[in-house]
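Asks: My structure is stored as final33.cif, with mmCIF, C-alpha atoms and all ligand atoms.
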data_target
loop_
_atom_site.label_atom_id
_atom_site.label_comp_id
_atom_site.auth_asym_id
_atom_site.auth_seq_id
_atom_site.Cartn_x
_atom_site.Cartn_y
_atom_site.Cartn_z
CA MET A 815 83.80 163.22 91.47
CA HIS A 816 87.11 161.52 92.25
CA ILE A 817 90.75 161.41 91.25
CA ALA A 818 91.20 158.16 89.35
CA SER A 819 94.96 158.35 88.97
CA LEU A 820 97.87 160.46 90.09
CA GLU A 821 101.18 161.01 88.36
CA LEU A 822 104.14 162.87 89.89
CA THR A 823 107.45 163.98 88.41
CA HIS A 824 110.21 165.50 90.57
CA PHE A 825 107.67 166.23 93.26
CA ARG A 826 109.36 166.31 96.72
CA ASN A 827 110.93 162.88 97.30
CA TYR A 828 109.22 161.32 94.25
CA THR A 829 111.31 161.32 91.08
CA SER A 830 108.52 159.60 89.25
CA LEU A 831 105.32 158.02 90.53
CA GLU A 832 102.10 156.68 89.04
CA LEU A 833 99.19 155.49 91.18
CA GLU A 834 95.76 154.13 90.32
CA LEU A 835 93.34 155.29 93.00
CA VAL A 836 89.93 154.14 94.21
CA SER A 837 86.85 156.34 94.46
CA GLY A 838 86.33 155.27 98.10
CA ILE A 839 89.02 155.08 100.78
CA ASN A 840 92.70 155.28 99.85
CA CYS A 841 94.93 154.25 102.77
CA ILE A 842 98.56 155.32 102.55
CA TYR A 843 100.98 153.75 105.03
CA GLY A 844 104.71 153.78 105.65
CA SER A 845 107.27 154.84 108.22
CA ASN A 846 108.06 158.41 109.25
CA GLY A 847 109.60 160.45 106.48
CA ALA A 848 108.66 157.90 103.82
CA GLY A 849 106.58 160.31 101.72
CA LYS A 850 102.97 159.81 102.84
CA THR A 851 102.16 163.47 103.46
CA ASN A 852 103.92 164.35 100.20
CA ILE A 853 101.22 162.45 98.30
CA LEU A 854 98.52 164.47 100.08
CA ASP A 855 100.51 167.59 99.25
CA ALA A 856 100.36 166.68 95.55
CA LEU A 857 96.57 166.23 95.77
CA HIS A 858 96.36 169.64 97.46
CA TYR A 859 98.24 171.12 94.50
CA LEU A 860 95.61 169.70 92.14
CA ALA A 861 92.83 171.40 94.10
CA PHE A 862 94.43 174.67 95.23
CA THR A 863 97.63 174.96 93.12
CA ARG A 864 99.64 175.28 96.30
CA SER A 865 101.18 173.27 99.09
CA LEU A 866 99.28 171.81 101.99
CA ARG A 867 102.09 172.81 104.31
CA GLY A 868 102.42 176.36 103.02
CA SER A 869 105.81 175.56 101.44
CA ASN A 870 106.80 177.67 98.49
CA ASP A 871 106.91 175.98 95.08
CA LYS A 872 110.71 175.89 94.95
CA GLN A 873 110.87 173.80 98.11
CA VAL A 874 108.48 171.32 96.57
CA VAL A 875 110.65 170.58 93.51
CA GLU A 876 112.74 167.46 94.11
CA GLU A 877 116.20 168.44 95.28
CA GLY A 878 118.43 169.07 92.28
CA ALA A 879 115.61 168.95 89.71
CA PRO A 880 114.49 171.97 87.62
CA PHE A 881 110.71 171.47 87.77
CA PHE A 882 107.83 169.41 89.14
CA VAL A 883 104.64 168.12 87.54
CA VAL A 884 101.51 166.84 89.29
CA LYS A 885 98.88 165.24 87.06
CA GLY A 886 95.53 163.86 88.07
CA GLN A 887 92.89 162.16 86.00
CA VAL A 888 89.64 163.43 87.49
CA THR A 889 86.35 161.64 86.89
CA LYS A 890 83.19 163.73 87.20
CA GLU A 891 79.92 162.00 86.40
CA ASN A 892 81.61 159.67 83.89
CA ILE A 893 83.47 162.49 82.20
CA SER A 894 87.21 162.29 82.62
CA GLU A 895 89.44 165.33 82.70
CA GLU A 896 93.19 165.68 83.16
CA ILE A 897 94.31 168.33 85.60
CA GLN A 898 97.95 169.24 85.60
CA CYS A 899 99.81 171.64 87.85
CA ASN A 900 103.44 172.27 87.05
CA PHE A 901 106.16 174.57 88.24
CA VAL A 902 109.44 175.36 86.51
CA LYS A 903 112.16 177.10 88.52
CA GLY A 904 112.68 180.60 87.19
CA LYS A 905 109.52 180.39 85.06
CA GLY A 906 106.61 179.85 87.38
CA LYS A 907 103.49 177.79 87.82
CA LYS A 908 100.79 176.69 85.41
CA VAL A 909 97.53 174.80 85.55
CA LEU A 910 96.44 172.87 82.47
CA VAL A 911 93.05 171.25 82.04
CA ASP A 912 93.13 168.58 79.32
CA GLN A 913 96.49 170.02 78.23
CA LYS A 914 95.08 173.54 77.82
CA PRO A 915 96.76 176.13 80.07
CA LEU A 916 94.43 178.33 82.13
CA LYS A 917 94.97 182.08 81.95
CA LYS A 918 94.76 182.48 85.72
CA LEU A 919 95.40 179.95 88.47
CA SER A 920 92.39 181.36 90.32
CA GLU A 921 90.08 180.12 87.53
CA HIS A 922 90.77 176.61 88.70
CA ILE A 923 90.38 177.03 92.45
CA GLY A 924 87.05 175.69 93.66
CA SER A 925 86.52 173.28 90.79
CA LEU A 926 88.02 170.40 92.79
CA PRO A 927 86.55 170.93 96.28
CA LEU A 928 88.77 169.48 98.99
CA VAL A 929 89.01 169.56 102.77
CA ALA A 930 92.16 168.50 104.64
CA ILE A 931 92.47 167.46 108.28
CA LEU A 932 96.09 167.81 109.38
CA PRO A 933 98.04 167.26 112.59
CA GLY A 934 98.83 170.99 112.77
CA ASP A 935 95.12 171.84 112.78
CA THR A 936 95.06 171.84 116.58
CA ASP A 937 96.80 175.23 116.17
CA LEU A 938 93.28 176.39 115.46
CA ILE A 939 92.64 175.77 119.16
CA ASN A 940 96.03 176.55 120.67
CA GLY A 941 97.37 179.17 118.31
CA PRO A 942 96.67 182.91 118.06
CA SER A 943 93.23 184.34 117.26
CA ALA A 944 94.28 185.27 113.71
CA GLY A 945 94.06 181.59 112.74
CA ARG A 946 90.51 181.33 114.05
CA ARG A 947 89.46 184.49 112.21
CA ARG A 948 91.03 183.08 109.03
CA PHE A 949 89.05 179.86 109.51
CA LEU A 950 85.81 181.82 109.90
CA ASP A 951 86.60 184.11 106.97
CA MET A 952 87.45 181.19 104.71
CA LEU A 953 84.20 179.41 105.54
CA ILE A 954 81.98 182.45 105.14
CA SER A 955 83.58 183.74 101.96
CA GLN A 956 83.10 180.34 100.36
CA TYR A 957 79.44 181.08 99.95
CA SER A 958 79.28 184.84 100.33
CA PRO A 959 81.28 186.87 97.80
CA SER A 960 80.05 190.11 99.39
CA TYR A 961 81.66 189.05 102.69
CA LEU A 962 85.04 188.91 101.01
CA THR A 963 84.49 192.35 99.48
CA HIS A 964 83.66 193.78 102.91
CA LEU A 965 86.78 192.17 104.40
CA ILE A 966 89.04 193.59 101.71
CA GLN A 967 87.55 197.08 102.12
CA TYR A 968 87.74 196.84 105.89
CA ASP A 969 91.41 195.81 105.86
CA ARG A 970 92.26 198.59 103.46
CA LEU A 971 90.51 201.25 105.56
CA LEU A 972 91.98 199.86 108.77
CA ALA A 973 95.48 200.16 107.31
CA GLN A 974 94.69 203.76 106.37
CA ARG A 975 93.37 204.59 109.83
CA ASN A 976 96.52 203.11 111.38
CA ALA A 977 98.68 205.07 108.95
CA GLN A 978 96.80 208.21 109.97
CA LEU A 979 97.58 207.54 113.63
CA LYS A 980 101.28 207.20 112.77
CA LEU A 981 101.15 210.37 110.73
CA PHE A 982 99.72 212.32 113.68
CA ALA A 983 102.52 210.99 115.89
CA ALA A 984 105.17 211.88 113.31
CA HIS A 985 103.85 215.43 113.04
CA GLY A 986 103.22 215.76 116.75
CA ASN A 987 99.56 216.69 116.26
CA PHE A 988 96.18 214.99 116.61
CA ASP A 989 92.87 215.70 114.95
CA SER A 990 89.82 213.79 116.23
CA GLU A 991 87.65 214.90 113.36
CA GLN A 992 90.02 213.55 110.78
CA LEU A 993 90.10 210.20 112.57
CA GLU A 994 86.30 210.16 112.69
CA LEU A 995 86.25 210.27 108.90
CA TRP A 996 87.99 206.89 108.84
CA ASP A 997 85.68 205.57 111.57
CA ALA A 998 82.60 206.46 109.56
CA GLN A 999 83.96 204.61 106.55
CA LEU A 1000 85.00 201.54 108.54
CA VAL A 1001 81.68 201.06 110.34
CA PRO A 1002 79.48 199.81 107.43
CA HIS A 1003 82.03 197.12 106.55
CA GLY A 1004 82.67 196.20 110.17
CA LYS A 1005 78.93 195.93 110.81
CA ALA A 1006 78.36 193.67 107.80
CA ILE A 1007 81.24 191.40 108.83
CA PHE A 1008 80.05 191.24 112.44
CA GLN A 1009 76.55 190.32 111.32
CA ALA A 1010 77.76 187.67 108.88
CA ARG A 1011 79.99 186.10 111.54
CA THR A 1012 77.17 186.05 114.08
CA ASP A 1013 74.74 184.45 111.62
CA PHE A 1014 77.30 181.97 110.37
CA ILE A 1015 78.22 180.71 113.84
CA ALA A 1016 74.55 180.18 114.66
CA ASP A 1017 74.18 177.99 111.55
CA PHE A 1018 77.51 176.23 111.95
CA GLN A 1019 77.16 175.33 115.65
CA PRO A 1020 74.48 172.60 115.26
CA ILE A 1021 76.28 170.90 112.34
CA PHE A 1022 79.51 170.91 114.29
CA GLU A 1023 77.84 169.71 117.48
CA GLN A 1024 76.18 166.84 115.66
CA TYR A 1025 79.55 165.52 114.42
CA PHE A 1026 81.21 165.98 117.79
CA LYS A 1027 78.48 164.03 119.55
CA LYS A 1028 78.69 161.23 117.03
CA ILE A 1029 82.38 160.78 117.79
CA VAL A 1030 82.34 160.87 121.60
CA ALA A 1031 80.57 158.43 123.87
CA GLN A 1032 80.31 160.64 126.93
CA GLN A 1033 77.74 163.35 127.23
CA GLU A 1034 80.20 166.12 126.43
CA VAL A 1035 78.61 169.31 125.17
CA PRO A 1036 80.85 171.26 122.81
CA SER A 1037 80.24 174.87 121.91
CA LEU A 1038 81.59 177.73 119.83
CA HIS A 1039 81.41 181.28 121.09
CA TYR A 1040 81.89 184.36 119.03
CA HIS A 1041 83.86 186.84 121.06
CA SER A 1042 83.91 190.47 119.94
CA GLN A 1043 84.50 193.84 121.53
CA ILE A 1044 81.40 194.91 119.67
CA THR A 1045 78.41 194.01 121.80
CA GLU A 1046 75.70 195.82 119.90
CA ASN A 1047 75.86 196.01 116.14
CA THR A 1048 74.63 199.57 115.65
CA ILE A 1049 76.40 202.55 114.12
CA ASP A 1050 76.13 204.44 117.41
CA HIS A 1051 77.71 201.64 119.39
CA TRP A 1052 80.58 201.26 116.91
CA LEU A 1053 81.28 205.00 116.94
CA ALA A 1054 81.11 205.12 120.74
CA ARG A 1055 83.66 202.31 120.96
CA TYR A 1056 86.03 204.16 118.64
CA LYS A 1057 85.63 207.29 120.75
CA GLU A 1058 86.34 205.41 123.98
CA SER A 1059 89.60 204.03 122.68
CA GLU A 1060 90.71 207.18 120.88
CA GLN A 1061 93.45 208.11 123.37
CA LYS A 1062 94.67 204.54 123.60
CA ASP A 1063 94.87 204.31 119.80
CA ARG A 1064 96.63 207.64 119.65
CA TYR A 1065 99.47 206.34 121.81
CA ASN A 1066 99.57 202.78 120.51
CA LEU A 1067 99.45 203.98 116.87
CA TYR A 1068 97.03 201.16 116.26
CA THR A 1069 93.24 200.74 116.02
CA SER A 1070 92.29 198.66 119.04
CA VAL A 1071 88.57 198.28 118.35
CA GLY A 1072 86.84 196.31 115.62
CA ILE A 1073 86.24 192.93 114.03
CA HIS A 1074 89.98 192.50 113.40
CA ARG A 1075 90.22 191.72 117.13
CA ASP A 1076 87.41 189.14 117.14
CA ASP A 1077 87.96 185.62 118.36
CA LEU A 1078 86.22 182.27 118.52
CA ARG A 1079 86.20 180.51 121.89
CA PHE A 1080 85.93 176.74 121.95
CA LYS A 1081 84.42 175.00 124.94
CA ILE A 1082 83.47 171.54 126.14
CA ASP A 1083 80.99 171.65 129.01
CA LYS A 1084 81.79 175.29 129.81
CA HIS A 1085 85.54 174.59 129.97
CA SER A 1086 87.98 176.08 127.53
CA VAL A 1087 89.24 173.36 125.17
CA LYS A 1088 92.57 175.14 124.93
CA ASP A 1089 93.18 175.21 128.68
CA PHE A 1090 91.43 172.04 129.83
CA GLY A 1091 91.08 169.75 126.82
CA SER A 1092 93.23 166.62 126.51
CA GLN A 1093 95.09 166.09 123.23
CA GLY A 1094 92.43 163.58 122.25
CA GLN A 1095 89.63 166.03 123.04
CA GLN A 1096 91.34 168.80 121.11
CA LYS A 1097 91.80 166.50 118.16
CA THR A 1098 88.17 165.42 118.30
CA PHE A 1099 87.08 169.05 118.43
CA VAL A 1100 89.12 169.90 115.33
CA ILE A 1101 87.92 166.82 113.43
CA ALA A 1102 84.30 167.79 114.15
CA LEU A 1103 84.99 171.38 113.00
CA LYS A 1104 86.51 170.10 109.77
CA LEU A 1105 83.71 167.62 109.13
CA ALA A 1106 81.21 170.45 109.55
CA GLN A 1107 83.28 172.47 107.09
CA TYR A 1108 83.15 169.47 104.73
CA GLN A 1109 79.37 169.30 104.96
CA LEU A 1110 78.95 173.03 104.27
CA LEU A 1111 81.25 172.84 101.26
CA GLN A 1112 79.28 169.87 99.96
CA GLN A 1113 76.00 171.79 100.27
CA GLN A 1114 77.49 174.75 98.49
CA LYS A 1115 79.18 172.84 95.66
CA LEU A 1116 76.39 170.26 95.26
CA GLN A 1117 79.04 167.56 95.14
CA ALA A 1118 81.02 165.63 97.72
CA PRO A 1119 84.49 167.14 98.29
CA ILE A 1120 87.69 165.09 98.53
CA LEU A 1121 88.81 164.53 102.12
CA LEU A 1122 92.47 164.31 103.15
CA LEU A 1123 93.35 162.94 106.60
CA ASP A 1124 96.96 163.13 107.64
CA ASP A 1125 97.94 161.11 110.72
CA VAL A 1126 94.64 161.77 112.45
CA PHE A 1127 94.30 158.48 114.29
CA ASP A 1128 97.08 159.01 116.79
CA LYS A 1129 95.93 159.77 120.36
CA LEU A 1130 92.33 158.82 119.78
CA ASP A 1131 90.75 156.03 121.83
CA GLU A 1132 89.15 152.94 120.29
CA HIS A 1133 85.63 154.24 120.61
CA ARG A 1134 86.40 157.51 118.87
CA LEU A 1135 88.31 155.72 116.12
CA SER A 1136 85.45 153.39 115.43
CA GLN A 1137 82.93 156.26 115.42
CA ILE A 1138 85.08 158.26 113.02
CA ALA A 1139 85.41 155.24 110.74
CA HIS A 1140 81.63 154.94 110.84
CA ILE A 1141 81.24 158.58 109.77
CA PHE A 1142 83.76 158.14 106.93
CA ASP A 1143 81.94 155.08 105.77
CA ARG A 1144 78.34 156.27 106.04
CA GLU A 1145 78.36 160.04 105.78
CA ILE A 1146 81.30 161.06 103.65
CA GLU A 1147 80.41 160.37 100.05
CA GLY A 1148 83.56 161.88 98.61
CA GLN A 1149 86.90 160.25 97.94
CA ILE A 1150 89.07 159.85 101.05
CA PHE A 1151 92.85 159.74 101.45
CA VAL A 1152 94.20 158.66 104.84
CA THR A 1153 97.78 158.33 106.01
CA ASP A 1154 99.06 156.35 108.97
CA THR A 1155 102.27 154.63 109.96
CA SER A 1156 100.46 151.36 110.57
CA ARG A 1157 98.67 149.34 107.90
CA ASP A 1158 97.21 147.11 110.62
CA ARG A 1159 95.64 150.05 112.40
CA MET A 1160 94.01 151.35 109.23
CA GLU A 1161 92.87 147.88 108.35
CA ALA A 1162 91.32 147.51 111.80
CA ILE A 1163 89.64 150.90 111.55
CA PHE A 1164 88.29 150.58 108.02
CA ALA A 1165 88.63 147.33 106.21
CA GLN A 1166 86.06 145.16 107.95
CA LYS A 1167 83.57 147.96 108.36
CA THR A 1168 83.37 149.73 105.07
CA SER A 1169 81.25 148.93 102.09
CA ARG A 1170 83.12 151.48 99.99
CA PRO A 1171 85.96 150.60 97.60
CA ILE A 1172 89.19 150.55 99.60
CA ALA A 1173 92.87 150.33 98.61
CA PHE A 1174 96.16 150.26 100.52
CA PHE A 1175 99.33 151.94 99.30
CA SER A 1176 102.69 151.24 100.80
CA VAL A 1177 105.20 154.09 100.76
CA GLN A 1178 108.94 153.79 101.20
CA ASP A 1179 111.80 156.15 100.28
CA GLY A 1180 110.07 157.94 97.47
CA GLU A 1181 108.42 154.85 96.03
CA ALA A 1182 104.77 154.01 96.48
CA SER A 1183 102.76 151.06 95.26
CA ARG A 1184 99.30 149.65 95.68
CA ASP A 1185 99.16 146.37 97.63
N1 LIG B 1 111.83 169.01 97.64
C1 LIG B 1 112.18 167.82 98.14
N2 LIG B 1 113.12 167.06 97.52
C2 LIG B 1 113.48 165.86 98.03
N3 LIG B 1 112.97 165.34 99.14
C3 LIG B 1 112.04 166.05 99.80
C4 LIG B 1 111.59 167.32 99.35
N4 LIG B 1 110.66 167.80 100.19
C5 LIG B 1 110.54 166.87 101.15
N5 LIG B 1 111.35 165.82 100.92
C6 LIG B 1 111.53 164.61 101.75
O1 LIG B 1 110.29 164.00 101.97
C7 LIG B 1 110.35 163.31 103.20
C8 LIG B 1 109.13 163.62 104.05
O2 LIG B 1 108.04 163.09 103.44
P1 LIG B 1 106.64 163.12 104.16
O3 LIG B 1 105.65 162.87 103.11
O4 LIG B 1 106.48 164.33 104.98
O5 LIG B 1 106.82 161.87 105.14
P2 LIG B 1 105.70 161.11 105.95
O6 LIG B 1 105.61 159.75 105.33
O7 LIG B 1 106.24 161.04 107.34
O8 LIG B 1 104.44 161.87 105.85
C9 LIG B 1 111.56 163.77 103.94
O9 LIG B 1 112.50 162.73 103.94
C10 LIG B 1 112.05 164.94 103.12
O10 LIG B 1 113.42 165.05 103.12
MG MG B 2 103.45 162.85 107.34
#
Translate the structure of the given file into structure tokens.

Replies:
Amino acid sequence: MHIASLELTHFRNYTSLELELVSGINCIYGSNGAGKTNILDALHYLAFTRSLRGSNDKQVVEEGAPFFVVKGQVTKENISEEIQCNFVKGKGKKVLVDQKPLKKLSEHIGSLPLVAILPGDTDLINGPSAGRRRFLDMLISQYSPSYLTHLIQYDRLLAQRNAQLKLFAAHGNFDSEQLELWDAQLVPHGKAIFQARTDFIADFQPIFEQYFKKIVAQQEVPSLHYHSQITENTIDHWLARYKESEQKDRYNLYTSVGIHRDDLRFKIDKHSVKDFGSQGQQKTFVIALKLAQYQLLQQQKLQAPILLLDDVFDKLDEHRLSQIAHIFDREIEGQIFVTDTSRDRMEAIFAQKTSRPIAFFSVQDGEASRD
């Protein structure tokens, strides 16, 4: 499966753009602010009907224009299909497949599997734990619908337990037994989520480690650690933990125990990547995490996802660059889009080494063309 052509109208700094793409490696180069990431953003719209950068749709419409359209001609096993995502200010967003509008945007999501590696992804290492939980949740729910159901139920019950704590404070009373009713309802969902996270990390670790080791020359041993306040996944243990923190929760008006406080700890050779890792090491760590995500998605979808790489080559040494190029060439079967400020650098990384179809696109002030 690949995107054979892309057509944009009033999308960010592109008034109008048409590009013929290759099924292999598409290299997009140009100076800062030229519009490289905007092309990746458009591809992200085709897959997920939303922006790569989390912008809202209005911000994506070209300044002064009333709408945007992103169209992609997608080839799947010799069958070609047109996917269109458009947004009209004041009217909203639509997805059309071969000109036919879908009833719900969510019907489309998942049919064009895509993984993006972005400069901001190191937030996964340096940012708050919520980002790491989101990463885990996204990966697990991709193949386990029941996981998502547990998460939704858990979040709903947690909000109710917290509301109960606030209600006690507002009324100046406290009733342990009433709180225990919420605890008993939370536990089955919390237990299922804890178990799924534990199992997932055990499966994910070797895939991740294998990519990391392929990229680095040194004998660095990377690891992922699941960190939870829950140390024993039994009903009794969960209930005991709630009991222990009852007074704390009562005064903080917040449930301090549970899987909503979980974290993932990233290490290289027993050292925290956040505190001790160089920028290059952090970047390598994230690239290996994302490549492992790519492989899992491929197994689940039974087809090779599209891979977007935005400015990933900065701050990586020659060896790592050449290893990554090797992985892209030999192990990633899906279509790849890479951006970089330097054509020469991309050429050096890919052109001589790859046997896959490769094309270069130069981007300047809202115009892009294939060399
Ligand atoms: N809605 C929009 N309308 C017009 N221009 C936009 C819009 N959104 C972003 N841009 C412009 O796009 C440019 C950034 O493009 P981007 O793809 O991020 O550059 P880069 O090549 O560095 O990746 C900026 O000049 C910005 O002003
Ligand atoms: Mg950019």

Asks: With only C-alpha atoms and all ligand atoms counted, collect every polymer residue having an atom within 12 Å of ligand LIG 1 (chain B); state the result as a PyMOL selection string.

Replies: chain A and resi 823-830+842-856+865-867+869-882+932-933+1123-1126+1152-1156+1175-1182

Asks: Atoms to include: C-alpha atoms. Write the selected residues as a compact mmCIF listing (two decimals), in the coordinates of the input.

Replies:
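File produced: result.txt:
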# COMPACT_ATOMS: atom_id res chain seq x y z
CA THR A 823 107.45 163.98 88.41
CA HIS A 824 110.21 165.50 90.57
CA PHE A 825 107.67 166.23 93.26
CA ARG A 826 109.36 166.31 96.72
CA ASN A 827 110.93 162.88 97.30
CA TYR A 828 109.22 161.32 94.25
CA THR A 829 111.31 161.32 91.08
CA SER A 830 108.52 159.60 89.25
CA ILE A 842 98.56 155.32 102.55
CA TYR A 843 100.98 153.75 105.03
CA GLY A 844 104.71 153.78 105.65
CA SER A 845 107.27 154.84 108.22
CA ASN A 846 108.06 158.41 109.25
CA GLY A 847 109.60 160.45 106.48
CA ALA A 848 108.66 157.90 103.82
CA GLY A 849 106.58 160.31 101.72
CA LYS A 850 102.97 159.81 102.84
CA THR A 851 102.16 163.47 103.46
CA ASN A 852 103.92 164.35 100.20
CA ILE A 853 101.22 162.45 98.30
CA LEU A 854 98.52 164.47 100.08
CA ASP A 855 100.51 167.59 99.25
CA ALA A 856 100.36 166.68 95.55
CA SER A 865 101.18 173.27 99.09
CA LEU A 866 99.28 171.81 101.99
CA ARG A 867 102.09 172.81 104.31
CA SER A 869 105.81 175.56 101.44
CA ASN A 870 106.80 177.67 98.49
CA ASP A 871 106.91 175.98 95.08
CA LYS A 872 110.71 175.89 94.95
CA GLN A 873 110.87 173.80 98.11
CA VAL A 874 108.48 171.32 96.57
CA VAL A 875 110.65 170.58 93.51
CA GLU A 876 112.74 167.46 94.11
CA GLU A 877 116.20 168.44 95.28
CA GLY A 878 118.43 169.07 92.28
CA ALA A 879 115.61 168.95 89.71
CA PRO A 880 114.49 171.97 87.62
CA PHE A 881 110.71 171.47 87.77
CA PHE A 882 107.83 169.41 89.14
CA LEU A 932 96.09 167.81 109.38
CA PRO A 933 98.04 167.26 112.59
CA LEU A 1123 93.35 162.94 106.60
CA ASP A 1124 96.96 163.13 107.64
CA ASP A 1125 97.94 161.11 110.72
CA VAL A 1126 94.64 161.77 112.45
CA VAL A 1152 94.20 158.66 104.84
CA THR A 1153 97.78 158.33 106.01
CA ASP A 1154 99.06 156.35 108.97
CA THR A 1155 102.27 154.63 109.96
CA SER A 1156 100.46 151.36 110.57
CA PHE A 1175 99.33 151.94 99.30
CA SER A 1176 102.69 151.24 100.80
CA VAL A 1177 105.20 154.09 100.76
CA GLN A 1178 108.94 153.79 101.20
CA ASP A 1179 111.80 156.15 100.28
CA GLY A 1180 110.07 157.94 97.47
CA GLU A 1181 108.42 154.85 96.03
CA ALA A 1182 104.77 154.01 96.48

Asks: Can you pull out the residues contacting Phe1151 in chain A? Cut-off 7 Å, using all atoms listed in the file, and skip same-chain residues under 3 positions away; I want them as a list in words.

Replies: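 Residues near the query, excluding close chain neighbours: Ile839, Asn840, Cys841, Leu1121, Leu1122 and Leu1123 of chain A.
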
Asks: For each of A:Trp996, A:Gln1032, A:Tyr1065, A:Thr1045, take the minimum atom-to-atom distance to Asp1083 in chain A, counting only C-alpha atoms, then give the residue where this is smallest.

Replies: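 When distances to Asp1083 in chain A are compared using only C-alpha atoms, the smallest one comes from A:Gln1032.
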
Asks: One number please: CA of Leu981 in chain A to CA of Pro1002 in chain A, in Å, one decimal.

Replies: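 Going from CA of Leu981 in chain A over to CA of Pro1002 in chain A covers 24.3 Å.
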
Asks: Which residue, A:Glu1058, A:Glu991, A:Asp951, A:Glu1046, has the smallest gap to Phe1014 in chain A when you use all atoms listed in the file?

Replies: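 When distances to Phe1014 in chain A are compared using all atoms listed in the file, the smallest one comes from A:Asp951.
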